[in-house]
file run39.cif (mmCIF, N, CA, C and O atoms)
data_model
#
loop_
_atom_site.group_PDB
_atom_site.id
_atom_site.type_symbol
_atom_site.label_atom_id
_atom_site.label_comp_id
_atom_site.auth_asym_id
_atom_site.auth_seq_id
_atom_site.Cartn_x
_atom_site.Cartn_y
_atom_site.Cartn_z
ATOM 1 N N ASN F 342 42.985 -19.720 73.183
ATOM 2 C CA ASN F 342 43.610 -20.161 71.954
ATOM 3 C C ASN F 342 42.672 -21.149 71.265
ATOM 4 O O ASN F 342 42.396 -22.220 71.790
ATOM 5 N N LYS F 343 42.208 -20.813 70.102
ATOM 6 C CA LYS F 343 41.211 -21.622 69.381
ATOM 7 C C LYS F 343 41.753 -22.975 68.942
ATOM 8 O O LYS F 343 40.999 -23.866 68.608
ATOM 9 N N ILE F 344 43.072 -23.154 68.953
ATOM 10 C CA ILE F 344 43.633 -24.456 68.576
ATOM 11 C C ILE F 344 43.178 -25.542 69.551
ATOM 12 O O ILE F 344 43.096 -26.706 69.201
ATOM 13 N N LEU F 345 42.848 -25.153 70.779
ATOM 14 C CA LEU F 345 42.394 -26.115 71.781
ATOM 15 C C LEU F 345 40.890 -26.373 71.711
ATOM 16 O O LEU F 345 40.358 -27.124 72.528
ATOM 17 N N ASP F 346 40.223 -25.794 70.728
ATOM 18 C CA ASP F 346 38.801 -26.071 70.493
ATOM 19 C C ASP F 346 38.705 -27.398 69.751
ATOM 20 O O ASP F 346 38.503 -27.445 68.547
ATOM 21 N N VAL F 347 38.880 -28.494 70.477
ATOM 22 C CA VAL F 347 39.010 -29.804 69.836
ATOM 23 C C VAL F 347 37.709 -30.325 69.232
ATOM 24 O O VAL F 347 37.738 -31.114 68.298
ATOM 25 N N ASP F 348 36.558 -29.876 69.728
ATOM 26 C CA ASP F 348 35.297 -30.343 69.148
ATOM 27 C C ASP F 348 34.782 -29.421 68.052
ATOM 28 O O ASP F 348 33.814 -29.726 67.379
ATOM 29 N N GLY F 349 35.460 -28.283 67.844
ATOM 30 C CA GLY F 349 35.119 -27.393 66.738
ATOM 31 C C GLY F 349 33.858 -26.595 66.912
ATOM 32 O O GLY F 349 33.261 -26.143 65.946
ATOM 33 N N ASP F 350 33.443 -26.354 68.155
ATOM 34 C CA ASP F 350 32.196 -25.605 68.378
ATOM 35 C C ASP F 350 32.405 -24.097 68.469
ATOM 36 O O ASP F 350 31.473 -23.350 68.689
ATOM 37 N N GLY F 351 33.647 -23.643 68.298
ATOM 38 C CA GLY F 351 33.931 -22.208 68.327
ATOM 39 C C GLY F 351 34.317 -21.685 69.695
ATOM 40 O O GLY F 351 34.621 -20.511 69.855
ATOM 41 N N GLU F 352 34.288 -22.537 70.695
ATOM 42 C CA GLU F 352 34.625 -22.154 72.069
ATOM 43 C C GLU F 352 35.622 -23.145 72.651
ATOM 44 O O GLU F 352 35.553 -24.336 72.361
ATOM 45 N N VAL F 353 36.521 -22.652 73.500
ATOM 46 C CA VAL F 353 37.423 -23.528 74.232
ATOM 47 C C VAL F 353 36.860 -23.662 75.640
ATOM 48 O O VAL F 353 36.816 -22.692 76.386
ATOM 49 N N GLY F 354 36.389 -24.846 75.977
ATOM 50 C CA GLY F 354 35.769 -25.072 77.277
ATOM 51 C C GLY F 354 36.570 -26.031 78.131
ATOM 52 O O GLY F 354 37.000 -27.087 77.661
ATOM 53 N N ALA F 355 36.746 -25.678 79.384
ATOM 54 C CA ALA F 355 37.493 -26.530 80.312
ATOM 55 C C ALA F 355 36.783 -27.857 80.535
ATOM 56 O O ALA F 355 37.425 -28.903 80.645
ATOM 57 N N PHE F 356 35.449 -27.823 80.600
ATOM 58 C CA PHE F 356 34.686 -29.036 80.892
ATOM 59 C C PHE F 356 34.267 -29.782 79.633
ATOM 60 O O PHE F 356 33.558 -30.777 79.709
ATOM 61 N N SER F 357 34.701 -29.311 78.483
ATOM 62 C CA SER F 357 34.445 -30.024 77.229
ATOM 63 C C SER F 357 35.789 -30.340 76.583
ATOM 64 O O SER F 357 36.309 -31.440 76.727
ATOM 65 N N ASP F 358 36.354 -29.366 75.925
ATOM 66 C CA ASP F 358 37.631 -29.579 75.239
ATOM 67 C C ASP F 358 38.733 -30.012 76.208
ATOM 68 O O ASP F 358 39.491 -30.934 75.911
ATOM 69 N N GLY F 359 38.791 -29.376 77.352
ATOM 70 C CA GLY F 359 39.815 -29.709 78.345
ATOM 71 C C GLY F 359 39.716 -31.145 78.816
ATOM 72 O O GLY F 359 40.720 -31.857 78.905
ATOM 73 N N PHE F 360 38.492 -31.596 79.107
ATOM 74 C CA PHE F 360 38.295 -32.985 79.538
ATOM 75 C C PHE F 360 38.705 -33.964 78.443
ATOM 76 O O PHE F 360 39.319 -34.989 78.709
ATOM 77 N N MET F 361 38.360 -33.633 77.199
ATOM 78 C CA MET F 361 38.692 -34.549 76.112
ATOM 79 C C MET F 361 40.202 -34.653 75.907
ATOM 80 O O MET F 361 40.728 -35.748 75.678
ATOM 81 N N VAL F 362 40.908 -33.535 76.030
ATOM 82 C CA VAL F 362 42.370 -33.569 75.914
ATOM 83 C C VAL F 362 42.959 -34.404 77.051
ATOM 84 O O VAL F 362 43.826 -35.256 76.828
ATOM 85 N N LEU F 363 42.490 -34.177 78.265
ATOM 86 C CA LEU F 363 42.985 -34.964 79.397
ATOM 87 C C LEU F 363 42.687 -36.445 79.230
ATOM 88 O O LEU F 363 43.544 -37.299 79.490
ATOM 89 N N ARG F 364 41.493 -36.760 78.789
ATOM 90 C CA ARG F 364 41.121 -38.160 78.582
ATOM 91 C C ARG F 364 42.042 -38.807 77.548
ATOM 92 O O ARG F 364 42.469 -39.947 77.711
ATOM 93 N N LYS F 365 42.333 -38.075 76.471
ATOM 94 C CA LYS F 365 43.194 -38.610 75.415
ATOM 95 C C LYS F 365 44.583 -38.930 75.966
ATOM 96 O O LYS F 365 45.216 -39.902 75.543
ATOM 97 N N MET F 366 45.033 -38.154 76.926
ATOM 98 C CA MET F 366 46.346 -38.379 77.523
ATOM 99 C C MET F 366 46.396 -39.694 78.299
ATOM 100 O O MET F 366 47.470 -40.250 78.500
ATOM 101 N N PHE F 367 45.248 -40.209 78.719
ATOM 102 C CA PHE F 367 45.186 -41.482 79.428
ATOM 103 C C PHE F 367 45.247 -42.674 78.480
ATOM 104 O O PHE F 367 45.257 -43.821 78.919
ATOM 105 N N GLY F 368 45.282 -42.421 77.186
ATOM 106 C CA GLY F 368 45.442 -43.480 76.193
ATOM 107 C C GLY F 368 44.222 -44.351 76.038
ATOM 108 O O GLY F 368 43.093 -43.864 75.960
ATOM 109 N N PRO F 369 44.425 -45.673 76.000
ATOM 110 C CA PRO F 369 43.336 -46.595 75.688
ATOM 111 C C PRO F 369 42.185 -46.601 76.694
ATOM 112 O O PRO F 369 41.113 -47.106 76.387
ATOM 113 N N ALA F 370 42.375 -46.032 77.853
ATOM 114 C CA ALA F 370 41.297 -45.983 78.842
ATOM 115 C C ALA F 370 40.089 -45.211 78.317
ATOM 116 O O ALA F 370 38.964 -45.444 78.748
ATOM 117 N N PHE F 371 40.313 -44.309 77.372
ATOM 118 C CA PHE F 371 39.230 -43.498 76.807
ATOM 119 C C PHE F 371 39.170 -43.671 75.293
ATOM 120 O O PHE F 371 39.081 -42.708 74.537
ATOM 121 N N ALA F 372 39.195 -44.906 74.850
ATOM 122 C CA ALA F 372 39.096 -45.203 73.420
ATOM 123 C C ALA F 372 37.663 -44.996 72.938
ATOM 124 O O ALA F 372 36.715 -44.990 73.724
ATOM 125 N N GLY F 373 37.514 -44.814 71.637
ATOM 126 C CA GLY F 373 36.182 -44.678 71.037
ATOM 127 C C GLY F 373 35.366 -43.553 71.644
ATOM 128 O O GLY F 373 35.881 -42.478 71.936
ATOM 129 N N ASP F 374 34.085 -43.829 71.856
ATOM 130 C CA ASP F 374 33.156 -42.815 72.369
ATOM 131 C C ASP F 374 33.437 -42.410 73.812
ATOM 132 O O ASP F 374 32.916 -41.393 74.271
ATOM 133 N N ALA F 375 34.238 -43.179 74.526
ATOM 134 C CA ALA F 375 34.574 -42.811 75.908
ATOM 135 C C ALA F 375 35.289 -41.460 75.958
ATOM 136 O O ALA F 375 35.196 -40.751 76.950
ATOM 137 N N LEU F 376 35.959 -41.101 74.880
ATOM 138 C CA LEU F 376 36.662 -39.813 74.827
ATOM 139 C C LEU F 376 35.694 -38.640 74.923
ATOM 140 O O LEU F 376 35.941 -37.666 75.632
ATOM 141 N N THR F 377 34.588 -38.726 74.221
ATOM 142 C CA THR F 377 33.663 -37.601 74.128
ATOM 143 C C THR F 377 32.432 -37.723 75.018
ATOM 144 O O THR F 377 31.669 -36.769 75.152
ATOM 145 N N ASN F 378 32.226 -38.872 75.645
ATOM 146 C CA ASN F 378 31.042 -39.107 76.468
ATOM 147 C C ASN F 378 30.866 -38.021 77.527
ATOM 148 O O ASN F 378 31.717 -37.813 78.366
ATOM 149 N N LYS F 379 29.743 -37.327 77.444
ATOM 150 C CA LYS F 379 29.365 -36.259 78.383
ATOM 151 C C LYS F 379 30.353 -35.096 78.402
ATOM 152 O O LYS F 379 30.360 -34.299 79.340
ATOM 153 N N ALA F 380 31.177 -34.961 77.351
ATOM 154 C CA ALA F 380 32.104 -33.836 77.262
ATOM 155 C C ALA F 380 31.896 -33.043 75.973
ATOM 156 O O ALA F 380 32.110 -31.842 75.951
ATOM 157 N N ILE F 381 31.481 -33.704 74.913
ATOM 158 C CA ILE F 381 31.285 -33.032 73.634
ATOM 159 C C ILE F 381 30.052 -32.126 73.719
ATOM 160 O O ILE F 381 29.059 -32.472 74.362
ATOM 161 N N THR F 382 30.114 -30.967 73.088
ATOM 162 C CA THR F 382 28.992 -30.037 73.135
ATOM 163 C C THR F 382 27.987 -30.313 72.024
ATOM 164 O O THR F 382 28.306 -30.981 71.043
ATOM 165 N N ASP F 383 26.802 -29.775 72.184
ATOM 166 C CA ASP F 383 25.755 -29.936 71.174
ATOM 167 C C ASP F 383 26.110 -29.231 69.872
ATOM 168 O O ASP F 383 25.577 -29.560 68.816
ATOM 169 N N ASN F 384 26.998 -28.233 69.945
ATOM 170 C CA ASN F 384 27.372 -27.454 68.772
ATOM 171 C C ASN F 384 28.657 -27.947 68.111
ATOM 172 O O ASN F 384 29.197 -27.284 67.236
ATOM 173 N N ALA F 385 29.149 -29.093 68.526
ATOM 174 C CA ALA F 385 30.403 -29.628 67.981
ATOM 175 C C ALA F 385 30.285 -29.849 66.475
ATOM 176 O O ALA F 385 29.254 -30.310 65.983
ATOM 177 N N THR F 386 31.362 -29.514 65.765
ATOM 178 C CA THR F 386 31.397 -29.734 64.319
ATOM 179 C C THR F 386 32.269 -30.932 63.966
ATOM 180 O O THR F 386 32.336 -31.311 62.805
ATOM 181 N N ARG F 387 32.930 -31.508 64.964
ATOM 182 C CA ARG F 387 33.746 -32.701 64.737
ATOM 183 C C ARG F 387 33.082 -33.905 65.407
ATOM 184 O O ARG F 387 32.528 -33.801 66.485
ATOM 185 N N GLU F 388 33.169 -35.041 64.736
ATOM 186 C CA GLU F 388 32.696 -36.308 65.279
ATOM 187 C C GLU F 388 33.783 -36.885 66.191
ATOM 188 O O GLU F 388 34.934 -36.445 66.159
ATOM 189 N N THR F 389 33.441 -37.900 66.972
ATOM 190 C CA THR F 389 34.377 -38.499 67.918
ATOM 191 C C THR F 389 35.680 -38.941 67.251
ATOM 192 O O THR F 389 36.764 -38.638 67.753
ATOM 193 N N ASP F 390 35.602 -39.634 66.125
ATOM 194 C CA ASP F 390 36.824 -40.091 65.449
ATOM 195 C C ASP F 390 37.697 -38.916 65.023
ATOM 196 O O ASP F 390 38.924 -38.972 65.114
ATOM 197 N N GLU F 391 37.062 -37.835 64.561
ATOM 198 C CA GLU F 391 37.807 -36.647 64.152
ATOM 199 C C GLU F 391 38.479 -35.984 65.356
ATOM 200 O O GLU F 391 39.584 -35.451 65.237
ATOM 201 N N ILE F 392 37.818 -36.018 66.502
ATOM 202 C CA ILE F 392 38.383 -35.440 67.717
ATOM 203 C C ILE F 392 39.594 -36.244 68.168
ATOM 204 O O ILE F 392 40.618 -35.676 68.551
ATOM 205 N N HIS F 393 39.498 -37.568 68.094
ATOM 206 C CA HIS F 393 40.657 -38.412 68.409
ATOM 207 C C HIS F 393 41.850 -38.000 67.541
ATOM 208 O O HIS F 393 42.962 -37.804 68.038
ATOM 209 N N GLU F 394 41.631 -37.857 66.248
ATOM 210 C CA GLU F 394 42.696 -37.485 65.316
ATOM 211 C C GLU F 394 43.203 -36.074 65.580
ATOM 212 O O GLU F 394 44.410 -35.824 65.544
ATOM 213 N N TYR F 395 42.285 -35.149 65.823
ATOM 214 C CA TYR F 395 42.661 -33.753 66.058
ATOM 215 C C TYR F 395 43.581 -33.642 67.272
ATOM 216 O O TYR F 395 44.615 -32.971 67.221
ATOM 217 N N ILE F 396 43.220 -34.294 68.360
ATOM 218 C CA ILE F 396 44.038 -34.228 69.574
ATOM 219 C C ILE F 396 45.390 -34.901 69.339
ATOM 220 O O ILE F 396 46.423 -34.395 69.767
ATOM 221 N N ALA F 397 45.396 -36.016 68.631
ATOM 222 C CA ALA F 397 46.663 -36.687 68.326
ATOM 223 C C ALA F 397 47.559 -35.769 67.493
ATOM 224 O O ALA F 397 48.774 -35.701 67.723
ATOM 225 N N ASP F 398 46.967 -35.027 66.556
ATOM 226 C CA ASP F 398 47.747 -34.098 65.727
ATOM 227 C C ASP F 398 48.314 -32.945 66.542
ATOM 228 O O ASP F 398 49.352 -32.395 66.173
ATOM 229 N N LEU F 399 47.658 -32.568 67.627
ATOM 230 C CA LEU F 399 48.175 -31.482 68.468
ATOM 231 C C LEU F 399 49.556 -31.823 69.023
ATOM 232 O O LEU F 399 50.370 -30.933 69.247
ATOM 233 N N SER F 400 49.832 -33.097 69.230
ATOM 234 C CA SER F 400 51.113 -33.498 69.793
ATOM 235 C C SER F 400 52.249 -33.385 68.785
ATOM 236 O O SER F 400 53.415 -33.498 69.160
ATOM 237 N N THR F 401 51.919 -33.142 67.518
ATOM 238 C CA THR F 401 52.963 -33.010 66.492
ATOM 239 C C THR F 401 53.262 -31.559 66.158
ATOM 240 O O THR F 401 54.081 -31.284 65.296
ATOM 241 N N ILE F 402 52.594 -30.610 66.813
ATOM 242 C CA ILE F 402 52.817 -29.186 66.547
ATOM 243 C C ILE F 402 54.146 -28.757 67.135
ATOM 244 O O ILE F 402 54.447 -29.049 68.291
ATOM 245 N N ASP F 403 54.943 -28.051 66.348
ATOM 246 C CA ASP F 403 56.239 -27.544 66.805
ATOM 247 C C ASP F 403 56.003 -26.227 67.558
ATOM 248 O O ASP F 403 55.647 -25.223 66.950
ATOM 249 N N PRO F 404 56.183 -26.214 68.880
ATOM 250 C CA PRO F 404 55.914 -25.007 69.662
ATOM 251 C C PRO F 404 56.892 -23.869 69.385
ATOM 252 O O PRO F 404 56.624 -22.721 69.705
ATOM 253 N N ILE F 405 58.010 -24.169 68.781
ATOM 254 C CA ILE F 405 59.014 -23.151 68.491
ATOM 255 C C ILE F 405 58.832 -22.574 67.086
ATOM 256 O O ILE F 405 59.025 -21.386 66.861
ATOM 257 N N GLY F 406 58.434 -23.441 66.134
ATOM 258 C CA GLY F 406 58.332 -23.074 64.722
ATOM 259 C C GLY F 406 57.297 -22.067 64.480
ATOM 260 O O GLY F 406 57.223 -21.152 63.823
#

call {"tool": "encode", "arguments": {"input": "run39.cif", "output": "structure tokens"}}
result
Amino acid sequence: NKILDVDGDGEVGAFSDGFMVLRKMFGPAFAGDALTNKAITDNATRETDEIHEYIADLSTIDPIG
């Protein structure tokens, strides 16, 4: 599912996008660049701040709608 491509590189990766989503779930422990450190890909089209926002927006998606 491309919605989980949080860095916007065109691929959903467990060791990139997955790690960033999990890190975001830990809250302030992964603030700022700690969210993307060694997880963001070279082909990412989103910056760290955009990734923080993108993942936060995922929590507002209505799974039924």

call {"tool": "residues_around", "arguments": {"input": "run39.cif", "residues": "F:Asp350", "least_positions_apart": "4", "cutoff": "5 Å", "atoms": "only N, CA, C and O atoms", "output": "ChimeraX atom specification"}}
result
/F:384-386

call {"tool": "resolve_selection", "arguments": {"input": "run39.cif", "expression": "the PyMOL selection byres ((chain F and resi 345) around 8)", "output": "number ranges by chain"}}
result
F: 342-344, 346-349, 352-355, 357-359, 362

call {"tool": "residues_around", "arguments": {"input": "run39.cif", "residues": "stretch 397-404 of chain F", "least_positions_apart": "2", "cutoff": "12 Å", "atoms": "only C-alpha atoms", "output": "NGL selection string"}}
result
:F and (344-347 or 361-366 or 368 or 390-395 or 406)

call {"tool": "atom_distance", "arguments": {"input": "run39.cif", "atom1": "atom CA of F:Phe360", "atom2": "atom CA of F:Asn378"}}
result
10.0 Å

call {"tool": "residues_around", "arguments": {"input": "run39.cif", "residues": "F:Lys379", "least_positions_apart": "3", "cutoff": "7 Å", "atoms": "only N, CA, C and O atoms", "output": "list in words"}}
result
Phe356, Ser357, Asp374, Ala375, Leu376 and Thr382 of chain F

call {"tool": "select_by_dssp", "arguments": {"input": "run39.cif", "residues": "chain F", "states": "alpha helix (DSSP H)", "output": "PyMOL selection string"}}
result
chain F and resi 360-366+389-399

call {"tool": "atom_distance", "arguments": {"input": "run39.cif", "atom1": "atom N of F:Arg387", "atom2": "atom C of F:Gly351"}}
result
11.0 Å

call {"tool": "build_atoms", "arguments": {"input": "run39.cif", "residues": "stretch 387-398 of chain F", "atoms": "all heavy atoms", "output": "JSON list (two decimals), in the coordinates of the input"}}
result
[["chain", "number", "residue", "atom", "x", "y", "z"],
["F", 387, "ARG", "N", 32.93, -31.51, 64.96],
["F", 387, "ARG", "CA", 33.75, -32.70, 64.74],
["F", 387, "ARG", "C", 33.08, -33.90, 65.41],
["F", 387, "ARG", "O", 32.53, -33.80, 66.48],
["F", 387, "ARG", "CB", 35.15, -32.52, 65.31],
["F", 387, "ARG", "CG", 35.97, -31.49, 64.60],
["F", 387, "ARG", "CD", 37.43, -31.46, 65.10],
["F", 387, "ARG", "NE", 38.17, -30.45, 64.40],
["F", 387, "ARG", "CZ", 38.48, -29.26, 64.91],
["F", 387, "ARG", "NH1", 38.16, -28.96, 66.16],
["F", 387, "ARG", "NH2", 39.13, -28.37, 64.19],
["F", 388, "GLU", "N", 33.17, -35.04, 64.74],
["F", 388, "GLU", "CA", 32.70, -36.31, 65.28],
["F", 388, "GLU", "C", 33.78, -36.88, 66.19],
["F", 388, "GLU", "O", 34.93, -36.44, 66.16],
["F", 388, "GLU", "CB", 32.40, -37.29, 64.15],
["F", 388, "GLU", "CG", 31.36, -36.81, 63.15],
["F", 388, "GLU", "CD", 29.96, -36.84, 63.72],
["F", 388, "GLU", "OE1", 29.68, -37.71, 64.58],
["F", 388, "GLU", "OE2", 29.14, -36.01, 63.31],
["F", 389, "THR", "N", 33.44, -37.90, 66.97],
["F", 389, "THR", "CA", 34.38, -38.50, 67.92],
["F", 389, "THR", "C", 35.68, -38.94, 67.25],
["F", 389, "THR", "O", 36.76, -38.64, 67.75],
["F", 389, "THR", "CB", 33.72, -39.68, 68.65],
["F", 389, "THR", "OG1", 32.61, -39.18, 69.40],
["F", 389, "THR", "CG2", 34.69, -40.36, 69.60],
["F", 390, "ASP", "N", 35.60, -39.63, 66.12],
["F", 390, "ASP", "CA", 36.82, -40.09, 65.45],
["F", 390, "ASP", "C", 37.70, -38.92, 65.02],
["F", 390, "ASP", "O", 38.92, -38.97, 65.11],
["F", 390, "ASP", "CB", 36.49, -40.95, 64.23],
["F", 390, "ASP", "CG", 35.91, -42.30, 64.59],
["F", 390, "ASP", "OD1", 36.09, -42.74, 65.76],
["F", 390, "ASP", "OD2", 35.28, -42.94, 63.72],
["F", 391, "GLU", "N", 37.06, -37.84, 64.56],
["F", 391, "GLU", "CA", 37.81, -36.65, 64.15],
["F", 391, "GLU", "C", 38.48, -35.98, 65.36],
["F", 391, "GLU", "O", 39.58, -35.45, 65.24],
["F", 391, "GLU", "CB", 36.88, -35.65, 63.46],
["F", 391, "GLU", "CG", 36.33, -36.14, 62.15],
["F", 391, "GLU", "CD", 35.25, -35.23, 61.58],
["F", 391, "GLU", "OE1", 34.28, -34.92, 62.33],
["F", 391, "GLU", "OE2", 35.38, -34.84, 60.42],
["F", 392, "ILE", "N", 37.82, -36.02, 66.50],
["F", 392, "ILE", "CA", 38.38, -35.44, 67.72],
["F", 392, "ILE", "C", 39.59, -36.24, 68.17],
["F", 392, "ILE", "O", 40.62, -35.68, 68.55],
["F", 392, "ILE", "CB", 37.32, -35.31, 68.82],
["F", 392, "ILE", "CG1", 36.25, -34.29, 68.40],
["F", 392, "ILE", "CG2", 37.95, -34.92, 70.15],
["F", 392, "ILE", "CD1", 35.03, -34.23, 69.29],
["F", 393, "HIS", "N", 39.50, -37.57, 68.09],
["F", 393, "HIS", "CA", 40.66, -38.41, 68.41],
["F", 393, "HIS", "C", 41.85, -38.00, 67.54],
["F", 393, "HIS", "O", 42.96, -37.80, 68.04],
["F", 393, "HIS", "CB", 40.34, -39.90, 68.15],
["F", 393, "HIS", "CG", 39.69, -40.60, 69.29],
["F", 393, "HIS", "ND1", 40.39, -41.00, 70.41],
["F", 393, "HIS", "CD2", 38.41, -40.99, 69.49],
["F", 393, "HIS", "CE1", 39.56, -41.62, 71.25],
["F", 393, "HIS", "NE2", 38.35, -41.62, 70.71],
["F", 394, "GLU", "N", 41.63, -37.86, 66.25],
["F", 394, "GLU", "CA", 42.70, -37.48, 65.32],
["F", 394, "GLU", "C", 43.20, -36.07, 65.58],
["F", 394, "GLU", "O", 44.41, -35.82, 65.54],
["F", 394, "GLU", "CB", 42.19, -37.60, 63.88],
["F", 394, "GLU", "CG", 41.95, -39.01, 63.42],
["F", 394, "GLU", "CD", 41.36, -39.08, 62.03],
["F", 394, "GLU", "OE1", 41.59, -38.15, 61.22],
["F", 394, "GLU", "OE2", 40.66, -40.06, 61.74],
["F", 395, "TYR", "N", 42.28, -35.15, 65.82],
["F", 395, "TYR", "CA", 42.66, -33.75, 66.06],
["F", 395, "TYR", "C", 43.58, -33.64, 67.27],
["F", 395, "TYR", "O", 44.62, -32.97, 67.22],
["F", 395, "TYR", "CB", 41.41, -32.90, 66.25],
["F", 395, "TYR", "CG", 41.70, -31.42, 66.36],
["F", 395, "TYR", "CD1", 41.81, -30.64, 65.22],
["F", 395, "TYR", "CD2", 41.88, -30.81, 67.59],
["F", 395, "TYR", "CE1", 42.10, -29.28, 65.31],
["F", 395, "TYR", "CE2", 42.16, -29.46, 67.69],
["F", 395, "TYR", "CZ", 42.26, -28.70, 66.54],
["F", 395, "TYR", "OH", 42.54, -27.36, 66.63],
["F", 396, "ILE", "N", 43.22, -34.29, 68.36],
["F", 396, "ILE", "CA", 44.04, -34.23, 69.57],
["F", 396, "ILE", "C", 45.39, -34.90, 69.34],
["F", 396, "ILE", "O", 46.42, -34.40, 69.77],
["F", 396, "ILE", "CB", 43.30, -34.84, 70.78],
["F", 396, "ILE", "CG1", 42.05, -34.01, 71.11],
["F", 396, "ILE", "CG2", 44.23, -34.91, 72.00],
["F", 396, "ILE", "CD1", 41.14, -34.63, 72.15],
["F", 397, "ALA", "N", 45.40, -36.02, 68.63],
["F", 397, "ALA", "CA", 46.66, -36.69, 68.33],
["F", 397, "ALA", "C", 47.56, -35.77, 67.49],
["F", 397, "ALA", "O", 48.77, -35.70, 67.72],
["F", 397, "ALA", "CB", 46.39, -37.99, 67.58],
["F", 398, "ASP", "N", 46.97, -35.03, 66.56],
["F", 398, "ASP", "CA", 47.75, -34.10, 65.73],
["F", 398, "ASP", "C", 48.31, -32.94, 66.54],
["F", 398, "ASP", "O", 49.35, -32.40, 66.17],
["F", 398, "ASP", "CB", 46.89, -33.55, 64.58],
["F", 398, "ASP", "CG", 46.61, -34.60, 63.51],
["F", 398, "ASP", "OD1", 47.30, -35.65, 63.51],
["F", 398, "ASP", "OD2", 45.71, -34.36, 62.68]]
